[in-house]
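> Sharing entry-v5.tsv (TSV, C-alpha atoms) below.
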chain	number	residue	atom	x	y	z
Q	1	MET	CA	15.31	1.92	-9.05
Q	2	HIS	CA	17.79	-0.32	-10.77
Q	3	LEU	CA	20.70	1.81	-9.54
Q	4	LEU	CA	19.57	1.41	-5.93
Q	5	TYR	CA	19.18	-2.32	-6.49
Q	6	GLU	CA	22.59	-2.71	-8.14
Q	7	ALA	CA	24.25	-0.56	-5.45
Q	8	GLY	CA	23.25	-3.12	-2.82
Q	9	ALA	CA	20.39	-1.31	-1.11
Q	10	VAL	CA	18.32	-3.45	1.25
Q	11	PHE	CA	14.60	-3.69	0.54
Q	12	THR	CA	11.64	-5.28	2.30
Q	13	ALA	CA	8.67	-6.38	0.21
Q	14	ILE	CA	5.56	-6.19	2.38
Q	15	ASP	CA	1.88	-7.04	2.20
Q	16	THR	CA	-1.00	-6.97	4.65
Q	17	GLU	CA	-4.33	-8.72	4.73
Q	18	THR	CA	-6.99	-6.70	6.52
Q	19	THR	CA	-10.57	-6.99	7.72
Q	20	SER	CA	-11.67	-3.86	5.83
Q	21	ILE	CA	-10.47	-1.43	3.17
Q	22	THR	CA	-9.81	1.39	5.64
Q	23	PRO	CA	-7.86	1.44	8.91
Q	24	LYS	CA	-10.71	3.39	10.49
Q	25	ASN	CA	-13.02	0.36	10.07
Q	26	GLY	CA	-10.59	-2.55	10.02
Q	27	ARG	CA	-7.54	-4.24	11.45
Q	28	ILE	CA	-4.56	-6.14	10.11
Q	29	MET	CA	-5.03	-9.90	10.29
Q	30	GLU	CA	-1.83	-10.91	8.48
Q	31	ILE	CA	1.55	-9.40	7.59
Q	32	GLY	CA	4.01	-10.95	5.17
Q	33	ALA	CA	7.45	-9.47	4.51
Q	34	ILE	CA	10.65	-10.48	2.76
Q	35	LYS	CA	13.88	-8.55	3.35
Q	36	PHE	CA	16.24	-8.82	0.38
Q	37	ASP	CA	19.01	-7.25	-1.63
Q	38	LYS	CA	20.56	-8.01	-5.02
Q	39	ASP	CA	22.17	-11.14	-3.57
Q	40	GLY	CA	18.88	-12.65	-2.40
Q	41	ILE	CA	16.62	-13.05	0.62
Q	42	ILE	CA	18.01	-11.91	3.97
Q	43	SER	CA	15.05	-12.68	6.26
Q	44	SER	CA	11.29	-12.99	6.29
Q	45	PHE	CA	8.23	-12.37	8.44
Q	46	ASN	CA	4.94	-14.24	8.10
Q	47	GLN	CA	2.33	-13.86	10.83
Q	48	LEU	CA	-1.42	-14.14	11.31
Q	49	PHE	CA	-2.95	-11.90	13.98
Q	50	ASN	CA	-6.12	-12.02	15.98
Q	51	PRO	CA	-7.77	-8.82	14.72
Q	52	GLN	CA	-10.12	-8.74	17.74
Q	53	CYS	CA	-13.09	-8.32	15.43
Q	54	ILE	CA	-15.23	-10.44	13.14
Q	55	ILE	CA	-13.74	-11.13	9.72
Q	56	PRO	CA	-16.40	-10.33	7.11
Q	57	PRO	CA	-17.37	-13.36	4.97
Q	58	PHE	CA	-16.24	-11.71	1.71
Q	59	VAL	CA	-12.79	-11.10	3.25
Q	60	SER	CA	-12.55	-14.76	4.30
Q	61	GLU	CA	-13.58	-15.80	0.78
Q	62	LEU	CA	-10.96	-13.53	-0.81
Q	63	THR	CA	-8.06	-14.38	1.51
Q	64	GLY	CA	-8.90	-17.83	2.78
Q	65	ILE	CA	-8.29	-16.50	6.32
Q	66	THR	CA	-11.07	-17.61	8.66
Q	67	GLN	CA	-12.08	-16.58	12.15
Q	68	ARG	CA	-10.97	-20.01	13.38
Q	69	MET	CA	-7.47	-19.48	11.93
Q	70	VAL	CA	-6.92	-16.22	13.83
Q	71	MET	CA	-8.65	-17.12	17.13
Q	72	THR	CA	-5.45	-18.39	18.73
Q	73	SER	CA	-3.06	-16.10	16.84
Q	74	PRO	CA	-1.17	-13.41	18.75
Q	75	LEU	CA	-2.38	-9.84	18.93
Q	76	ILE	CA	-0.59	-7.49	16.58
Q	77	SER	CA	0.75	-5.58	19.60
Q	78	ASP	CA	2.80	-8.69	20.50
Q	79	LYS	CA	4.58	-8.94	17.13
Q	80	LEU	CA	4.51	-5.46	15.57
Q	81	PRO	CA	7.78	-4.41	17.26
Q	82	ASP	CA	9.52	-7.42	15.64
Q	83	PHE	CA	8.16	-6.45	12.23
Q	84	LEU	CA	9.21	-2.82	12.68
Q	85	GLN	CA	12.70	-3.93	13.69
Q	86	MET	CA	12.94	-6.11	10.58
Q	87	ILE	CA	12.02	-3.26	8.21
Q	88	GLU	CA	14.24	-0.71	9.96
Q	89	ASN	CA	16.70	0.95	7.55
Q	90	THR	CA	15.21	-0.77	4.51
Q	91	ILE	CA	13.32	0.56	1.51
Q	92	LEU	CA	9.79	-0.82	1.52
Q	93	ILE	CA	8.38	-2.39	-1.63
Q	94	ALA	CA	4.60	-2.81	-1.79
Q	95	HIS	CA	1.85	-3.00	-4.40
Q	96	ASN	CA	-0.48	-0.06	-3.73
Q	97	ALA	CA	1.91	0.83	-0.92
Q	98	GLN	CA	-0.19	3.55	0.70
Q	99	PHE	CA	-2.87	0.97	1.60
Q	100	ASP	CA	-0.41	-1.21	3.54
Q	101	LEU	CA	1.39	1.73	5.14
Q	102	ASN	CA	-1.88	3.32	6.29
Q	103	PHE	CA	-2.84	0.09	8.06
Q	104	ILE	CA	0.63	-0.50	9.53
Q	105	ASN	CA	0.82	3.06	10.85
Q	106	ALA	CA	-2.73	2.89	12.25
Q	107	GLU	CA	-1.69	-0.26	14.16
Q	108	CYS	CA	1.49	1.52	15.31
Q	109	GLU	CA	-0.67	4.32	16.68
Q	110	LEU	CA	-2.93	1.86	18.52
Q	111	CYS	CA	0.15	0.17	19.98
Q	112	GLU	CA	1.75	3.52	20.89
Q	113	LEU	CA	4.71	2.84	18.60
Q	114	GLU	CA	6.45	5.23	16.21
Q	115	PRO	CA	5.05	4.97	12.68
Q	116	ALA	CA	7.06	3.43	9.85
Q	117	ARG	CA	8.78	6.24	8.00
Q	118	ASN	CA	10.70	4.16	5.49
Q	119	LYS	CA	11.28	5.27	1.94
Q	120	THR	CA	8.82	3.31	-0.19
Q	121	ILE	CA	8.58	2.11	-3.77
Q	122	ASP	CA	5.09	1.33	-5.02
Q	123	THR	CA	5.20	-1.52	-7.54
Q	124	LEU	CA	1.70	-0.59	-8.73
Q	125	GLN	CA	2.99	2.81	-9.91
Q	126	PHE	CA	6.31	1.34	-11.06
Q	127	SER	CA	4.54	-1.33	-13.15
Q	128	ARG	CA	2.24	1.24	-14.78
Q	129	TRP	CA	5.32	3.13	-15.88
Q	130	PHE	CA	7.38	0.05	-16.79
Q	131	TYR	CA	4.63	-1.93	-18.57
Q	132	PRO	CA	2.37	0.79	-20.05
Q	133	SER	CA	0.88	-1.55	-22.67
Q	134	LEU	CA	-0.64	-3.92	-20.10
Q	135	GLU	CA	-4.37	-3.34	-19.61
Q	136	LYS	CA	-4.29	-4.12	-15.87
Q	137	HIS	CA	-1.75	-3.74	-13.11
Q	138	LYS	CA	-3.28	-5.79	-10.30
Q	139	LEU	CA	-0.67	-7.97	-8.63
Q	140	ASP	CA	-2.24	-11.31	-9.60
Q	141	PHE	CA	-2.64	-10.15	-13.22
Q	142	LEU	CA	1.00	-9.05	-13.37
Q	143	ALA	CA	2.12	-12.35	-11.85
Q	144	HIS	CA	0.24	-14.25	-14.55
Q	145	GLU	CA	1.45	-12.03	-17.41
Q	146	LEU	CA	5.07	-12.08	-16.25
Q	147	LYS	CA	5.14	-15.80	-15.38
Q	148	ILE	CA	5.68	-15.23	-11.65
Q	149	ASP	CA	4.28	-17.98	-9.41
Q	150	PRO	CA	1.50	-16.24	-7.44
Q	151	GLY	CA	1.41	-18.80	-4.64
Q	152	HIS	CA	-1.83	-18.23	-2.75
Q	153	SER	CA	-3.04	-14.86	-4.02
Q	154	HIS	CA	-4.35	-12.58	-1.26
Q	155	ARG	CA	-2.18	-14.17	1.40
Q	156	ALA	CA	0.32	-11.67	2.73
Q	157	TYR	CA	3.56	-13.64	2.45
Q	158	ASP	CA	2.82	-14.93	-1.05
Q	159	ASP	CA	1.79	-11.46	-2.25
Q	160	ALA	CA	4.96	-9.97	-0.70
Q	161	ASN	CA	6.95	-12.61	-2.57
Q	162	VAL	CA	5.26	-11.74	-5.88
Q	163	CYS	CA	5.88	-8.06	-5.17
Q	164	MET	CA	9.58	-8.76	-4.55
Q	165	GLN	CA	9.89	-10.80	-7.75
Q	166	LEU	CA	8.06	-8.14	-9.76
Q	167	PHE	CA	10.36	-5.43	-8.42
Q	168	VAL	CA	13.51	-7.48	-9.12
Q	169	LYS	CA	12.26	-8.28	-12.63
Q	170	MET	CA	11.64	-4.60	-13.41
Q	171	CYS	CA	15.05	-3.64	-11.97
Q	172	THR	CA	16.96	-6.27	-13.91
Q	173	GLU	CA	15.05	-5.65	-17.15
Q	174	SER	CA	15.60	-1.90	-16.90
Q	175	LYS	CA	19.39	-2.25	-17.00
Q	176	SER	CA	19.37	-4.21	-20.26
So, in terms of structure tokens, how does the structure I just supplied come out?

Amino acid sequence: MHLLYEAGAVFTAIDTETTSITPKNGRIMEIGAIKFDKDGIISSFNQLFNPQCIIPPFVSELTGITQRMVMTSPLISDKLPDFLQMIENTILIAHNAQFDLNFINAECELCELEPARNKTIDTLQFSRWFYPSLEKHKLDFLAHELKIDPGHSHRAYDDANVCMQLFVKMCTESKS
């Protein structure tokens, strides 16, 4: 990973907040993304979406995203092409990456768009390998243990930011 990072590869740390744990039963209600390379942040994406369904109370409690907040937000079909353009030709960084990619690609299918086929690095797997002595590898736990500001945990942009910082930390520590 560190060789890709040092060579100047472009990455995009992503996170989604969803109404359910499976794309079959839920929709994306927020996407956060930060495009970066070894020199810093290149661009970002932070958008709430109207999921066109009721947000379960436990999801609102976890994320802080309420039905009122998304009522006037755009539909994902209006902004997904912009997100896909942003991540084009980048390596995706995500914590439990398959979860986010499954939702993104389910939304692509609903919008009749090509799925994201980016190479992906899963910071959950990377952290298990890099920090084997830690008892947990949840993103908020890692942020606390590694002194990374979590922002508002379970909000897509802040979680993408933590994911980016975690990835950079592992890359820079691995070269020493």
> Between Q:Gln165, Q:Thr16, Q:Asn50, Q:Thr120, which one has atoms that come closest to Q:Leu142, using all atoms listed in the file?
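Under the stated criterion, the closest residue is Q:Gln165.
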> Restricting the calculation to all atoms listed in the file: of Q:Val162, Q:Ala94, Q:Leu110, Q:Leu101, which residue gets closest to Q:Lys147?
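Checking each candidate against Q:Lys147, we get Q:Val162 as the closest.
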> Tell me, in Å to one decimal, how far atom CA of Q:Gln125 is from atom CA of Q:Phe167.
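Separation between atom CA of Q:Gln125 and atom CA of Q:Phe167: 11.2 Å.
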> Identify the residues around (7.0, -1.9, -6.5) within a radius of 6 Å, measuring from only C-alpha atoms in the coordinates stated by the file, and give them as a ChimeraX atom specification.
/Q:93-95,121-124,126,167
> I'd like the interatomic distance between atom CA of Q:Glu173 and atom CA of Q:Trp129, to a tenth of an Å.
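Atom CA of Q:Glu173 sits 13.2 Å away from atom CA of Q:Trp129.
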> Of the candidates Q:Ile21, Q:Leu166, Q:Ala160, Q:Leu146, which one gets nearest to Q:Lys35 if we count only C-alpha atoms?
Q:Ala160
> Could you check which of Q:Leu134, Q:Leu84, Q:Cys108, Q:Ile148 is closest to Q:Met164, using only C-alpha atoms?
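The answer is Q:Ile148, which sits nearest to Q:Met164.
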> Taking N, CA and C atoms as the atom set, what does stretch 43-79 of chain Q look like once completed, written as an mmCIF file, keeping the file's coordinate frame?

data_model
loop_
_atom_site.group_PDB
_atom_site.id
_atom_site.type_symbol
_atom_site.label_atom_id
_atom_site.label_comp_id
_atom_site.auth_asym_id
_atom_site.auth_seq_id
_atom_site.Cartn_x
_atom_site.Cartn_y
_atom_site.Cartn_z
ATOM 1 N N SER Q 43 15.923 -12.158 5.197
ATOM 2 C CA SER Q 43 15.050 -12.680 6.260
ATOM 3 C C SER Q 43 13.603 -12.504 5.832
ATOM 4 N N SER Q 44 12.704 -13.112 6.618
ATOM 5 C CA SER Q 44 11.290 -12.990 6.290
ATOM 6 C C SER Q 44 10.442 -12.929 7.555
ATOM 7 N N PHE Q 45 9.196 -12.510 7.357
ATOM 8 C CA PHE Q 45 8.230 -12.370 8.440
ATOM 9 C C PHE Q 45 6.891 -12.811 7.877
ATOM 10 N N ASN Q 46 6.228 -13.729 8.568
ATOM 11 C CA ASN Q 46 4.940 -14.240 8.100
ATOM 12 C C ASN Q 46 4.097 -14.543 9.331
ATOM 13 N N GLN Q 47 3.067 -13.712 9.578
ATOM 14 C CA GLN Q 47 2.330 -13.860 10.830
ATOM 15 C C GLN Q 47 0.857 -13.517 10.666
ATOM 16 N N LEU Q 48 0.010 -14.427 11.152
ATOM 17 C CA LEU Q 48 -1.420 -14.140 11.310
ATOM 18 C C LEU Q 48 -1.605 -13.449 12.657
ATOM 19 N N PHE Q 49 -2.615 -12.588 12.732
ATOM 20 C CA PHE Q 49 -2.950 -11.900 13.980
ATOM 21 C C PHE Q 49 -4.416 -12.059 14.287
ATOM 22 N N ASN Q 50 -4.727 -12.080 15.558
ATOM 23 C CA ASN Q 50 -6.120 -12.020 15.980
ATOM 24 C C ASN Q 50 -6.526 -10.553 15.866
ATOM 25 N N PRO Q 51 -7.427 -10.227 14.922
ATOM 26 C CA PRO Q 51 -7.770 -8.820 14.720
ATOM 27 C C PRO Q 51 -8.738 -8.271 15.780
ATOM 28 N N GLN Q 52 -9.192 -9.129 16.671
ATOM 29 C CA GLN Q 52 -10.120 -8.740 17.740
ATOM 30 C C GLN Q 52 -11.416 -8.162 17.178
ATOM 31 N N CYS Q 53 -11.815 -8.686 16.033
ATOM 32 C CA CYS Q 53 -13.090 -8.320 15.430
ATOM 33 C C CYS Q 53 -13.504 -9.460 14.497
ATOM 34 N N ILE Q 54 -14.723 -9.411 14.048
ATOM 35 C CA ILE Q 54 -15.230 -10.440 13.140
ATOM 36 C C ILE Q 54 -14.685 -10.183 11.730
ATOM 37 N N ILE Q 55 -14.189 -11.229 11.103
ATOM 38 C CA ILE Q 55 -13.740 -11.130 9.720
ATOM 39 C C ILE Q 55 -14.964 -11.254 8.822
ATOM 40 N N PRO Q 56 -15.241 -10.246 8.005
ATOM 41 C CA PRO Q 56 -16.400 -10.330 7.110
ATOM 42 C C PRO Q 56 -16.285 -11.527 6.163
ATOM 43 N N PRO Q 57 -17.405 -12.183 5.847
ATOM 44 C CA PRO Q 57 -17.370 -13.360 4.970
ATOM 45 C C PRO Q 57 -16.668 -13.115 3.635
ATOM 46 N N PHE Q 58 -16.882 -11.951 3.010
ATOM 47 C CA PHE Q 58 -16.240 -11.710 1.710
ATOM 48 C C PHE Q 58 -14.721 -11.617 1.858
ATOM 49 N N VAL Q 59 -14.233 -11.155 3.008
ATOM 50 C CA VAL Q 59 -12.790 -11.100 3.250
ATOM 51 C C VAL Q 59 -12.244 -12.516 3.417
ATOM 52 N N SER Q 60 -12.966 -13.354 4.152
ATOM 53 C CA SER Q 60 -12.550 -14.760 4.300
ATOM 54 C C SER Q 60 -12.536 -15.466 2.954
ATOM 55 N N GLU Q 61 -13.537 -15.198 2.118
ATOM 56 C CA GLU Q 61 -13.580 -15.800 0.780
ATOM 57 C C GLU Q 61 -12.393 -15.360 -0.061
ATOM 58 N N LEU Q 62 -12.056 -14.075 -0.013
ATOM 59 C CA LEU Q 62 -10.960 -13.530 -0.810
ATOM 60 C C LEU Q 62 -9.607 -14.048 -0.348
ATOM 61 N N THR Q 63 -9.389 -14.062 0.960
ATOM 62 C CA THR Q 63 -8.060 -14.380 1.510
ATOM 63 C C THR Q 63 -7.893 -15.831 1.918
ATOM 64 N N GLY Q 64 -8.992 -16.482 2.222
ATOM 65 C CA GLY Q 64 -8.900 -17.830 2.780
ATOM 66 C C GLY Q 64 -8.621 -17.812 4.284
ATOM 67 N N ILE Q 65 -8.549 -16.628 4.872
ATOM 68 C CA ILE Q 65 -8.290 -16.500 6.320
ATOM 69 C C ILE Q 65 -9.632 -16.503 7.041
ATOM 70 N N THR Q 66 -9.803 -17.462 7.930
ATOM 71 C CA THR Q 66 -11.070 -17.610 8.660
ATOM 72 C C THR Q 66 -10.919 -17.161 10.105
ATOM 73 N N GLN Q 67 -12.068 -16.948 10.734
ATOM 74 C CA GLN Q 67 -12.080 -16.580 12.150
ATOM 75 C C GLN Q 67 -11.373 -17.657 12.981
ATOM 76 N N ARG Q 68 -11.599 -18.899 12.644
ATOM 77 C CA ARG Q 68 -10.970 -20.010 13.380
ATOM 78 C C ARG Q 68 -9.438 -19.933 13.287
ATOM 79 N N MET Q 69 -8.926 -19.547 12.122
ATOM 80 C CA MET Q 69 -7.470 -19.480 11.930
ATOM 81 C C MET Q 69 -6.822 -18.420 12.819
ATOM 82 N N VAL Q 70 -7.531 -17.321 13.078
ATOM 83 C CA VAL Q 70 -6.920 -16.220 13.830
ATOM 84 C C VAL Q 70 -7.255 -16.240 15.324
ATOM 85 N N MET Q 71 -8.201 -17.100 15.723
ATOM 86 C CA MET Q 71 -8.650 -17.120 17.130
ATOM 87 C C MET Q 71 -7.510 -17.281 18.126
ATOM 88 N N THR Q 72 -6.552 -18.137 17.802
ATOM 89 C CA THR Q 72 -5.450 -18.390 18.730
ATOM 90 C C THR Q 72 -4.156 -17.696 18.307
ATOM 91 N N SER Q 73 -4.239 -16.842 17.292
ATOM 92 C CA SER Q 73 -3.060 -16.100 16.840
ATOM 93 C C SER Q 73 -2.762 -14.967 17.820
ATOM 94 N N PRO Q 74 -1.510 -14.515 17.838
ATOM 95 C CA PRO Q 74 -1.170 -13.410 18.750
ATOM 96 C C PRO Q 74 -1.844 -12.111 18.319
ATOM 97 N N LEU Q 75 -1.934 -11.190 19.243
ATOM 98 C CA LEU Q 75 -2.380 -9.840 18.930
ATOM 99 C C LEU Q 75 -1.258 -9.134 18.187
ATOM 100 N N ILE Q 76 -1.617 -8.196 17.339
ATOM 101 C CA ILE Q 76 -0.590 -7.490 16.580
ATOM 102 C C ILE Q 76 0.372 -6.750 17.505
ATOM 103 N N SER Q 77 -0.116 -6.292 18.648
ATOM 104 C CA SER Q 77 0.750 -5.580 19.600
ATOM 105 C C SER Q 77 1.904 -6.443 20.090
ATOM 106 N N ASP Q 78 1.738 -7.780 20.055
ATOM 107 C CA ASP Q 78 2.800 -8.690 20.500
ATOM 108 C C ASP Q 78 3.917 -8.844 19.469
ATOM 109 N N LYS Q 79 3.611 -8.653 18.193
ATOM 110 C CA LYS Q 79 4.580 -8.940 17.130
ATOM 111 C C LYS Q 79 4.976 -7.725 16.290
#
